[in-house]
Amino acid sequence: MHIHNDLQNEPGLSGLFDSVVYFSDEKQLTPVVPRALVRRGPFLAPYDYGPGITDRRQWVLRLSQACPAHCAYCYIKAVFPDAPPRFFYSLSDLDQELAVIKAQEKHPYINAGENADSFAFDEQAKQSLILYELARKHPDCTFELRTKLPSRVCRDFFLQPALMNLIIAVSLNPAEISSAYEIGADSLEERLSALEGFYQHGYRISLRLDPLIYSRDFEKHYGSLFFRLDEFGIRKFSDIQIGGLRFARNQYAALAREKLPPDFLSGEFVKGLDGKWRYFIDVRLKMYAFLLERLKRCGVPVSLSNETAKCHRRLGL
Ligand code: SF4
């Protein structure tokens, strides 16, 4: 695989924003012309939860188009159905956008794993070093590197000291569910093993049990995940967020193209005020209550992701 990467010649990280960089399509390995790597719209957009949904205020960082992990439930396939993964490099624009946001808002929270996994492009683009440099330059912003591919982190990432405004947030599902629906992502064990490396290096690590996928064996699957998390040390996490499976309306066509295990869409879904489809509230409450009972004992702050005020109320959150 030929990679042209001027970053490799940089003595330090300070040149990242001016570097001329490459991208290779994963399948064809053909370089894409640089013009295609200039992001046309803004890199940062406020997370739009839609009416009736409560969650943390955050900005979504859109460094790339498509994600190579191809999780079965991911909305990205519906947005970019045939697009090859692509990483944008017009990073000086991003720096300017951050300056504008900071002038309006104290301590912005930047989610760098919503539009693609935060480490998806590390092999080709040293994406984690770019995010590191952003966090270093903007200590008044918090950057969440959300991931199901932490094992892809480039080795150079650990040459730098840990930053307290850069959080490594791993998204986990039980091994059986992960191997069925997250086939391009790291296995549960690979995620936990890589996460231990971040933790040992001094990073804050967070846990995202999101999206929870319901099945008849829900309690068995998620019970075994808790058993594994106890072995890992659940108190190592600085916070935990849980959230149920949800779909945007235009995702159904993309889902129909997948060869999904029969359990996946066997539950009934209900459309919320925000236009997304979720399990019926009783199913969601059952899942959340099962997890909360175990999580509350461990003393780590827990919150609910992308949920209604009614759900929060019913769970006492
Ligand atoms: S890792 Fe995240 S962004 Fe990538 S396909 Fe899976 S859910 Fe989507």
# chains A, B, ... in the order shown; residues from 1 in each chain; ligands from 1
call {"tool": "select_by_dssp", "arguments": {"residues": "region 2-197 of chain A", "states": "helix (DSSP H, G or I)", "output": "NGL selection string"}}
result
:A and (6-9 or 16-18 or 34-37 or 76-79 or 91-104 or 122-125 or 127-137 or 150-152 or 155-159 or 175-181 or 188-197)
call {"tool": "residues_around", "arguments": {"residues": "region 153-155 of chain A", "least_positions_apart": "2", "cutoff": "9 Å", "atoms": "only C-alpha atoms", "output": "list of chain:residue names"}}
result
A:Phe119, A:Ala120, A:Phe121, A:Asp122, A:Glu123, A:Lys126, A:Gln127, A:Ser128, A:Leu129, A:Leu149, A:Pro150, A:Ser151, A:Phe157, A:Phe158, A:Leu159, A:Ala194
call {"tool": "residues_around", "arguments": {"residues": "Asp230 (chain A)", "least_positions_apart": "6", "cutoff": "12 Å", "atoms": "only C-alpha atoms", "output": "list of chain:residue names"}}
result
A:Leu192, A:Gly223, A:Ser224, A:Lys236, A:Phe237, A:Arg294, A:Leu295, A:Arg297, A:Cys298
call {"tool": "residues_near_ligand", "arguments": {"ligand": "ligand 1", "cutoff": "8 Å", "atoms": "only C-alpha atoms and all ligand atoms", "output": "PyMOL selection string"}}
result
chain A and resi 66-77+113-117+120+146-149+182+184-185
call {"tool": "write_last_selection", "arguments": {"atoms": "N, CA and C atoms", "output": "CSV table (one decimal), in the first residue's frame"}}
result
chain,number,residue,atom,x,y,z
A,66,ALA,N,-18.0,9.0,5.4
A,66,ALA,CA,-18.2,7.6,5.6
A,66,ALA,C,-17.2,7.0,6.6
A,67,CYS,N,-17.5,5.8,7.0
A,67,CYS,CA,-16.6,5.2,8.1
A,67,CYS,C,-16.4,3.7,7.7
A,68,PRO,N,-15.1,3.3,7.7
A,68,PRO,CA,-14.8,1.9,7.3
A,68,PRO,C,-15.3,0.8,8.2
A,69,ALA,N,-15.8,1.2,9.4
A,69,ALA,CA,-16.3,0.1,10.3
A,69,ALA,C,-17.6,-0.5,9.9
A,70,HIS,N,-18.4,0.2,9.2
A,70,HIS,CA,-19.7,-0.4,8.6
A,70,HIS,C,-20.6,-1.1,9.6
A,71,CYS,N,-20.8,-0.5,10.8
A,71,CYS,CA,-21.7,-1.1,11.7
A,71,CYS,C,-23.1,-1.2,11.1
A,72,ALA,N,-23.8,-2.2,11.4
A,72,ALA,CA,-25.1,-2.5,10.7
A,72,ALA,C,-26.1,-1.4,10.9
A,73,TYR,N,-26.1,-0.8,12.1
A,73,TYR,CA,-27.1,0.1,12.5
A,73,TYR,C,-26.7,1.6,12.2
A,74,CYS,N,-25.5,1.8,11.7
A,74,CYS,CA,-25.0,3.2,11.6
A,74,CYS,C,-25.7,4.0,10.5
A,75,TYR,N,-26.1,5.3,10.9
A,75,TYR,CA,-26.8,6.1,10.0
A,75,TYR,C,-25.9,6.6,8.8
A,76,ILE,N,-24.6,6.5,9.0
A,76,ILE,CA,-23.7,7.0,8.0
A,76,ILE,C,-23.9,6.3,6.6
A,77,LYS,N,-24.2,5.0,6.6
A,77,LYS,CA,-24.4,4.3,5.4
A,77,LYS,C,-25.6,4.9,4.6
A,113,GLY,N,-16.4,11.7,17.1
A,113,GLY,CA,-16.7,10.3,16.7
A,113,GLY,C,-18.1,10.0,16.3
A,114,GLU,N,-18.8,11.1,15.8
A,114,GLU,CA,-20.2,10.9,15.5
A,114,GLU,C,-20.3,10.6,14.0
A,115,ASN,N,-19.4,11.2,13.2
A,115,ASN,CA,-19.5,11.2,11.8
A,115,ASN,C,-18.6,10.1,11.2
A,116,ALA,N,-17.8,9.6,12.0
A,116,ALA,CA,-16.9,8.4,11.7
A,116,ALA,C,-16.2,8.1,13.0
A,117,ASP,N,-15.7,6.9,13.1
A,117,ASP,CA,-14.9,6.6,14.3
A,117,ASP,C,-13.7,7.5,14.4
A,120,ALA,N,-10.6,5.8,12.8
A,120,ALA,CA,-10.8,5.1,11.6
A,120,ALA,C,-9.8,5.3,10.6
A,146,ARG,N,-14.5,9.3,20.2
A,146,ARG,CA,-15.4,8.2,20.4
A,146,ARG,C,-15.1,7.1,19.4
A,147,THR,N,-15.0,5.8,19.9
A,147,THR,CA,-14.4,4.8,19.1
A,147,THR,C,-14.9,3.4,19.3
A,148,LYS,N,-14.9,2.6,18.3
A,148,LYS,CA,-15.1,1.2,18.3
A,148,LYS,C,-13.8,0.6,17.7
A,149,LEU,N,-12.9,1.4,17.3
A,149,LEU,CA,-11.6,1.0,16.7
A,149,LEU,C,-10.4,1.5,17.4
A,182,GLU,N,-21.4,-5.3,14.4
A,182,GLU,CA,-20.2,-4.3,14.3
A,182,GLU,C,-19.1,-5.0,13.7
A,184,GLY,N,-17.0,-4.7,11.2
A,184,GLY,CA,-15.8,-4.0,10.8
A,184,GLY,C,-15.0,-3.4,11.9
A,185,ALA,N,-15.6,-3.5,13.1
A,185,ALA,CA,-15.0,-2.8,14.3
A,185,ALA,C,-14.1,-3.8,15.1
call {"tool": "select_by_dssp", "arguments": {"residues": "region 44-283 of chain A", "states": "strand (DSSP E or B)", "output": "PyMOL selection string"}}
result
chain A and resi 44-46+53-54+59-61+64-65+86-87+109-111+142-147+166-171+204-212+237-244+246-247+269-271+277-279
call {"tool": "write_last_selection", "arguments": {"atoms": "C-alpha atoms", "output": "compact mmCIF listing (two decimals), in the first residue's frame"}}
result
# COMPACT_ATOMS: atom_id res chain seq x y z
CA LEU A 44 -18.41 21.73 13.05
CA ALA A 45 -22.16 21.66 13.52
CA PRO A 46 -24.18 21.75 16.75
CA ILE A 53 -34.86 14.89 23.14
CA THR A 54 -32.50 15.66 26.00
CA TRP A 59 -20.58 20.05 18.46
CA VAL A 60 -20.11 17.32 15.89
CA LEU A 61 -16.73 17.37 14.19
CA SER A 64 -14.42 12.60 7.10
CA GLN A 65 -17.01 11.13 4.84
CA ARG A 86 -12.57 10.06 2.69
CA PHE A 87 -10.68 12.30 5.08
CA TYR A 109 -17.70 20.05 23.86
CA ILE A 110 -16.54 18.57 20.56
CA ASN A 111 -17.68 15.08 19.60
CA THR A 142 -13.15 19.24 25.38
CA PHE A 143 -12.65 16.72 22.60
CA GLU A 144 -14.33 13.33 22.81
CA LEU A 145 -12.65 10.69 20.68
CA ARG A 146 -15.45 8.17 20.38
CA THR A 147 -14.42 4.80 19.10
CA LEU A 166 -9.10 14.84 25.32
CA ILE A 167 -11.36 11.97 26.37
CA ILE A 168 -11.24 8.47 24.92
CA ALA A 169 -14.84 7.23 24.85
CA VAL A 170 -15.22 3.59 23.91
CA SER A 171 -18.51 2.26 22.65
CA ARG A 204 -9.62 9.92 30.91
CA ILE A 205 -11.66 7.05 29.50
CA SER A 206 -15.44 7.03 29.13
CA LEU A 207 -17.88 4.25 28.43
CA ARG A 208 -20.69 4.46 25.89
CA LEU A 209 -23.18 1.60 26.11
CA ASP A 210 -24.84 2.89 23.01
CA PRO A 211 -26.65 1.68 21.00
CA LEU A 212 -28.17 -0.99 23.23
CA PHE A 237 -14.26 5.13 33.54
CA SER A 238 -14.81 8.80 34.31
CA ASP A 239 -18.42 8.65 33.11
CA ILE A 240 -20.86 6.31 31.41
CA GLN A 241 -23.61 7.05 28.89
CA ILE A 242 -26.29 4.61 27.86
CA GLY A 243 -28.64 4.88 24.89
CA GLY A 244 -30.96 2.65 22.90
CA ARG A 246 -32.46 4.36 17.02
CA PHE A 247 -32.88 4.91 13.31
CA PHE A 269 -40.31 0.60 16.79
CA VAL A 270 -42.04 3.86 17.45
CA LYS A 271 -41.37 7.19 15.79
CA TRP A 277 -37.46 5.39 15.38
CA ARG A 278 -36.80 3.75 18.74
CA TYR A 279 -38.00 0.67 20.64
call {"tool": "residues_around", "arguments": {"residues": "Lys106 (chain A)", "least_positions_apart": "4", "cutoff": "12 Å", "atoms": "only C-alpha atoms", "output": "ChimeraX atom specification"}}
result
/A:57-58,98-102,138-142
call {"tool": "write_last_selection", "arguments": {"atoms": "N, CA and C atoms", "output": "short mmCIF file (atom, residue, chain, number, x, y, z; two decimals), in the first residue's frame"}}
result
data_model
loop_
_atom_site.label_atom_id
_atom_site.label_comp_id
_atom_site.auth_asym_id
_atom_site.auth_seq_id
_atom_site.Cartn_x
_atom_site.Cartn_y
_atom_site.Cartn_z
N ARG A 57 -25.16 19.38 25.37
CA ARG A 57 -24.88 20.24 24.22
C ARG A 57 -23.49 19.89 23.69
N GLN A 58 -23.40 19.62 22.40
CA GLN A 58 -22.10 19.28 21.83
C GLN A 58 -22.05 19.65 20.35
N LEU A 98 -13.27 26.90 15.03
CA LEU A 98 -13.18 26.75 16.49
C LEU A 98 -13.03 28.10 17.18
N ALA A 99 -12.25 28.97 16.55
CA ALA A 99 -12.05 30.30 17.14
C ALA A 99 -13.40 31.04 17.22
N VAL A 100 -14.22 30.91 16.19
CA VAL A 100 -15.53 31.59 16.18
C VAL A 100 -16.44 31.00 17.27
N ILE A 101 -16.47 29.69 17.37
CA ILE A 101 -17.33 29.04 18.38
C ILE A 101 -16.91 29.44 19.79
N LYS A 102 -15.60 29.49 20.00
CA LYS A 102 -15.11 29.83 21.35
C LYS A 102 -15.43 31.27 21.74
N HIS A 138 -6.38 24.08 21.69
CA HIS A 138 -7.63 24.63 22.22
C HIS A 138 -7.94 23.99 23.58
N PRO A 139 -7.17 24.34 24.61
CA PRO A 139 -7.36 23.68 25.91
C PRO A 139 -8.70 24.02 26.56
N ASP A 140 -9.37 25.07 26.07
CA ASP A 140 -10.69 25.42 26.63
C ASP A 140 -11.82 24.64 25.95
N CYS A 141 -11.50 23.75 25.03
CA CYS A 141 -12.51 22.86 24.43
C CYS A 141 -12.25 21.44 24.94
N THR A 142 -13.32 20.67 25.08
CA THR A 142 -13.15 19.24 25.38
C THR A 142 -13.41 18.46 24.09
#
call {"tool": "atom_distance", "arguments": {"atom1": "CA of Lys276 (chain A)", "atom2": "CA of Ala248 (chain A)"}}
result
4.7 Å
call {"tool": "atom_distance", "arguments": {"atom1": "CA of Glu133 (chain A)", "atom2": "CA of Pro161 (chain A)"}}
result
11.6 Å
call {"tool": "atom_distance", "arguments": {"atom1": "CA of Ala125 (chain A)", "atom2": "CA of Ser90 (chain A)"}}
result
13.0 Å
call {"tool": "closest_residue", "arguments": {"among": "A:Met287, A:Phe232, A:Gln124, A:Gly299", "to": "Asp217 (chain A)", "atoms": "only C-alpha atoms"}}
result
A:Met287
